Amino acid sequence: MSLVNFTSREITCKIVYYGPGRSGKTTNLHYVYGRVPESRRGRMVSLATQTDRTLFFDFLPIDLGQISGFATRFQLYTVPGQVYYNATRRLVLQGADGVVFVGDSQARQLDENLESLQNLQSNLLEHGVDVRTVPVVMQYNKQDLPRELILTPAELDDALNFRSVPSFAADALHGQGVFETLKAVSELVLKRLAAGSAA
Amino acid sequence: MTSTLNPKFTFETFVVGAANRLAVTAGRTVAENPGSAYNPLFIYSGSGLGKTHLLMGIGHSAKALAPQLNVEYLTLDEYVEAFHAAIAAGQGDAFRRRFQNVGVLLVDDVQFLTNRKEMQTELLRLTEALQQAGHQIVLTSDRPPAEIADLDERLISRFSGGLVVDMGIPDYETRVAILRRKAEERGARFQPGVLETAAGVEFPNVRELMGALNRLVAYQAVNDTPLTAVAARQVLGVEAAGPTAASSTAASSTAAVGAPGPDEFSQFLTDVTVTVGKAVEAWRARVAEAVLRWEGEGYRTERLERLLEQDTPAAVDGVIAAYVGDVERLKALEAEVAELDPQAAGERVFRDPDRMGEAEAAAAKVRDGAAPPPAPSAAFPLDAYASGPSNEVAVKAARAVIAAPGKKYNPLVLVGRSGLGKTHLLNAIGLELARKRGAVVACLSTQAFVDELIAAIGGNRVDWWRARYRRATALLLDDIHLLAGKDRTQEELFNLFNHLQEADRQLVFTAPAHPNTLSDLEERIVSRLEGGLVAEIGEPDRELRHMALERILGQQQLAVEPALLDYLADRPADSVRTLVGLVQRVVSAAAAQDQSVTAGLAREVLEGQSPAAARRSSGLRTSGIVVSSAGGVRSREKMVWDWPAAADRVIEELR
């Protein structure tokens, strides 16, 4: 999938929200959906189980209009977090221009976070992509929970952020950090435009 | 019927942002190349986002670039009204013609075509006519063509066949820029942050944004104290979530956002725009814009497109500059070729900057093939032209024409009977005009002119032929009366005449009689000939005859005896050509009798010569009729000495 199409003058960014189950990926998308003017957003496709767990994936297209003569679109996807949906995850990950890793800040979820990170890495490799070449940002969600239950962003950085990518503390339910995360990953993705697709 | 363009609505006063940049670029391109870039150009956007402003901006810009261009702006309603009025007055055809002659037609608010079948048909017809004539049409609407209810499929495809661009809601920075500019226009000053606050509200259109500015201006004026950013929020109802202060739905919905920023999405959009701007605009956007522009003008942009395939930006600006340079060169070549041979100018090679060599070669070929129009004959220099009272007016006029071609007497028509030196004077003027730098003087007989046109029609090279004469800085045609009955040539001459006269090029004609007495000449040609100066050349007076004889004898390299000169000058002669005939006869008689040329011999030859001698005396073709009576001299002098060859006469009569 080409990020920038100069013939039709289009920029399309596919951003995938990745992370363990129940870390708040869909919540991120819902918050973004609520902030995008109706004229700019497509229908948010959400395939969820009865208990609101993402079964397949969520998809939110956003139309940013003409930017520098390019019709700019963002496609936000989430993957199902549950371990046994790996085939879907791999599918969604295909052609991703950027990844937001939504981590669960709860201390007891640390192993799930690590497992998911490894899963991300191996799934990217399946597509022949080195995780080091893909723009990734970390989001440490649920920072609104009581102090005693969660790790601080610094601790999570130590535990998860091996490559020192940009990281954000977030409370996706209330919107804290959601757009900051999106903005950061967008910048990383768009900056690759300047250097062409090789970087 | 047609609205005038609002002088305030120009490109200069139009604030360009990400949401409307494409539309503005397209608009500018259209204004610079009406009819050739995007035709039709269809601009749509919601109400109050600047459609009318942009439309009028195109009008102003097109007018500024080409002042002779006929630019008309009107709303669809005005168009409909005018159409109905014209139909009611039975002037439907005149109405259509009037609009088909508009160079740039700007039609606002075409969404009102819904439920107007007859207007759709009319507009379709007009669009087709304008496109065919290479005239530009720009339309605006509040929705894309396909969404205008019950719009004719053919119109939809017409509109979509050009360029359809939309203008979105301006982004935050653009809103700030608009507010700043409008505030400045009104002379209103605000504390820092006030306008930014207003811009932070995502109004659905610029008009409402102006409403917000109005409120701010009014509030500040009433209270006589500078408005703070906080107070501005209150004025605009941004913070007050209740229905009391919220004056617009946009404002209230923004107010409902309780979380972090006032409008996270706008912020995000702004950030993305900046990032894309840095990443893309840096060089790819410049290339993309150049591609868009030159592609629109019909040039091949492969070279630029290849740039986009590269990963690392090379010397992008250098390549673009070189490309633009090549395009300019192509334009120059094409313009040059168009002058020489309009047909050749349409060749694709002049639109491909990657084939410069071929273009240059093609231009050189055309240049070589372009023979200049026939030049004046060097046998008729001005200083050899004898002038006297009988032709004084004509000679003075000729000198005025030479001094200021195209300015004083245009056209100059030299009138006089055959043999009075019209052709000589015509060629003499031509020779003098040809001395000027860059002069291309076309000087030929009308007969040759007709023949050339016939040959051009036969060779399917009429355009080339036309171009050849249109290049002339002066056109001199001998014996204009020979145009009689040649309708096509008259038509061509009429157009050529107008073209040259408009460009202040000199036109000189000769005719045997006053143009309005010539038969079978179209009225429009006659009136144009009469419009200049008609200078008559009369029968040569004695003084002139004297001078002419002196010259003729001088050319024969004879010792000129004053008595001979006087004798010959006293002979009745109605033209210079007659004088030449006289001298010829005397000279050949002298040669035959092996005598020197004297007044006595001349008297003998011209008054009492033997028929045999007379027959032998003529070096010219004569009719052979010799009258030997005493009054014979007069008769002889009235005879036609110079018959055209029989073949020429036959062709002439067949035409």
# chains A, B, ... in the order shown; residues from 1 in each chain; ligands from 1

call {"tool": "residues_around", "arguments": {"residues": "Tyr17 in chain A", "least_positions_apart": "3", "cutoff": "8 Å", "atoms": "only C-alpha atoms", "output": "MDAnalysis selection string"}}
result
chainID A and resid 25 76:79 99:102

call {"tool": "write_last_selection", "arguments": {"atoms": "N, CA and C atoms", "output": "compact mmCIF listing (two decimals), in the first residue's frame"}}
result
# COMPACT_ATOMS: atom_id res chain seq x y z
N LYS A 25 -7.82 0.11 23.38
CA LYS A 25 -7.58 0.52 21.99
C LYS A 25 -8.85 1.07 21.36
N LEU A 76 -7.80 4.59 10.93
CA LEU A 76 -7.39 4.08 12.24
C LEU A 76 -7.99 2.69 12.43
N TYR A 77 -7.15 1.74 12.80
CA TYR A 77 -7.60 0.37 13.02
C TYR A 77 -7.24 -0.04 14.45
N THR A 78 -8.03 -0.91 14.99
CA THR A 78 -7.57 -1.59 16.21
C THR A 78 -7.52 -3.07 15.90
N VAL A 79 -6.71 -3.77 16.67
CA VAL A 79 -6.69 -5.22 16.52
C VAL A 79 -7.41 -5.83 17.73
N VAL A 99 2.18 2.38 14.13
CA VAL A 99 1.55 1.56 15.17
C VAL A 99 1.54 2.33 16.48
N VAL A 100 0.37 2.31 17.13
CA VAL A 100 0.29 2.82 18.49
C VAL A 100 0.19 1.60 19.39
N PHE A 101 1.15 1.47 20.25
CA PHE A 101 1.04 0.36 21.18
C PHE A 101 0.36 0.88 22.43
N VAL A 102 -0.87 0.38 22.66
CA VAL A 102 -1.62 0.81 23.84
C VAL A 102 -1.37 -0.21 24.95

call {"tool": "select_by_dssp", "arguments": {"residues": "range 289-447 of chain B", "states": "strand (DSSP E or B)", "output": "compact mmCIF listing (two decimals) with all heavy atoms, in the first residue's frame"}}
result
# COMPACT_ATOMS: atom_id res chain seq x y z
N LEU B 412 -3.31 54.21 -47.88
CA LEU B 412 -3.09 55.22 -48.90
C LEU B 412 -3.48 54.57 -50.23
O LEU B 412 -3.03 53.47 -50.55
CB LEU B 412 -1.62 55.63 -48.92
CG LEU B 412 -1.20 56.53 -50.09
CD1 LEU B 412 -1.91 57.89 -50.02
CD2 LEU B 412 0.32 56.74 -50.09
N VAL B 413 -4.38 55.24 -50.95
CA VAL B 413 -4.82 54.69 -52.24
C VAL B 413 -4.36 55.65 -53.33
O VAL B 413 -4.74 56.82 -53.34
CB VAL B 413 -6.34 54.52 -52.28
CG1 VAL B 413 -6.75 53.86 -53.59
CG2 VAL B 413 -6.82 53.67 -51.11
N LEU B 414 -3.52 55.16 -54.20
CA LEU B 414 -3.03 55.98 -55.32
C LEU B 414 -3.95 55.73 -56.50
O LEU B 414 -4.11 54.59 -56.95
CB LEU B 414 -1.60 55.59 -55.67
CG LEU B 414 -0.60 55.69 -54.52
CD1 LEU B 414 0.73 55.07 -54.92
CD2 LEU B 414 -0.42 57.13 -54.08
N VAL B 415 -4.56 56.79 -56.98
CA VAL B 415 -5.53 56.65 -58.05
C VAL B 415 -5.05 57.41 -59.29
O VAL B 415 -4.57 58.54 -59.19
CB VAL B 415 -6.89 57.20 -57.58
CG1 VAL B 415 -7.87 57.26 -58.73
CG2 VAL B 415 -7.45 56.33 -56.48
N VAL B 441 8.04 43.88 -46.01
CA VAL B 441 7.13 44.59 -46.90
C VAL B 441 6.62 43.64 -47.97
O VAL B 441 7.40 43.04 -48.70
CB VAL B 441 7.83 45.80 -47.56
CG1 VAL B 441 6.90 46.49 -48.54
CG2 VAL B 441 8.29 46.78 -46.48
N ALA B 442 5.31 43.52 -48.02
CA ALA B 442 4.69 42.72 -49.07
C ALA B 442 4.23 43.68 -50.14
O ALA B 442 3.43 44.57 -49.89
CB ALA B 442 3.51 41.95 -48.50
N CYS B 443 4.82 43.55 -51.34
CA CYS B 443 4.46 44.47 -52.41
C CYS B 443 4.29 43.64 -53.67
O CYS B 443 5.23 43.01 -54.15
CB CYS B 443 5.56 45.51 -52.59
SG CYS B 443 5.22 46.68 -53.90
N LEU B 444 3.07 43.60 -54.18
CA LEU B 444 2.82 42.77 -55.35
C LEU B 444 1.57 43.25 -56.05
O LEU B 444 0.83 44.09 -55.53
CB LEU B 444 2.70 41.30 -54.96
CG LEU B 444 1.47 40.87 -54.15
CD1 LEU B 444 1.39 39.36 -54.14
CD2 LEU B 444 1.53 41.39 -52.74
N SER B 445 1.37 42.70 -57.22
CA SER B 445 0.17 43.06 -57.96
C SER B 445 -1.00 42.27 -57.41
O SER B 445 -0.82 41.17 -56.88
CB SER B 445 0.35 42.76 -59.44
OG SER B 445 0.25 41.38 -59.65

call {"tool": "closest_residue", "arguments": {"among": "A:Arg73, A:Arg90, A:Arg9, A:Arg40", "to": "Phe57 in chain A", "atoms": "only C-alpha atoms"}}
result
A:Arg90

call {"tool": "closest_residue", "arguments": {"among": "A:Gln118, A:Asn28, A:Thr12, A:Gln66", "to": "chain B", "atoms": "only C-alpha atoms"}}
result
A:Gln66
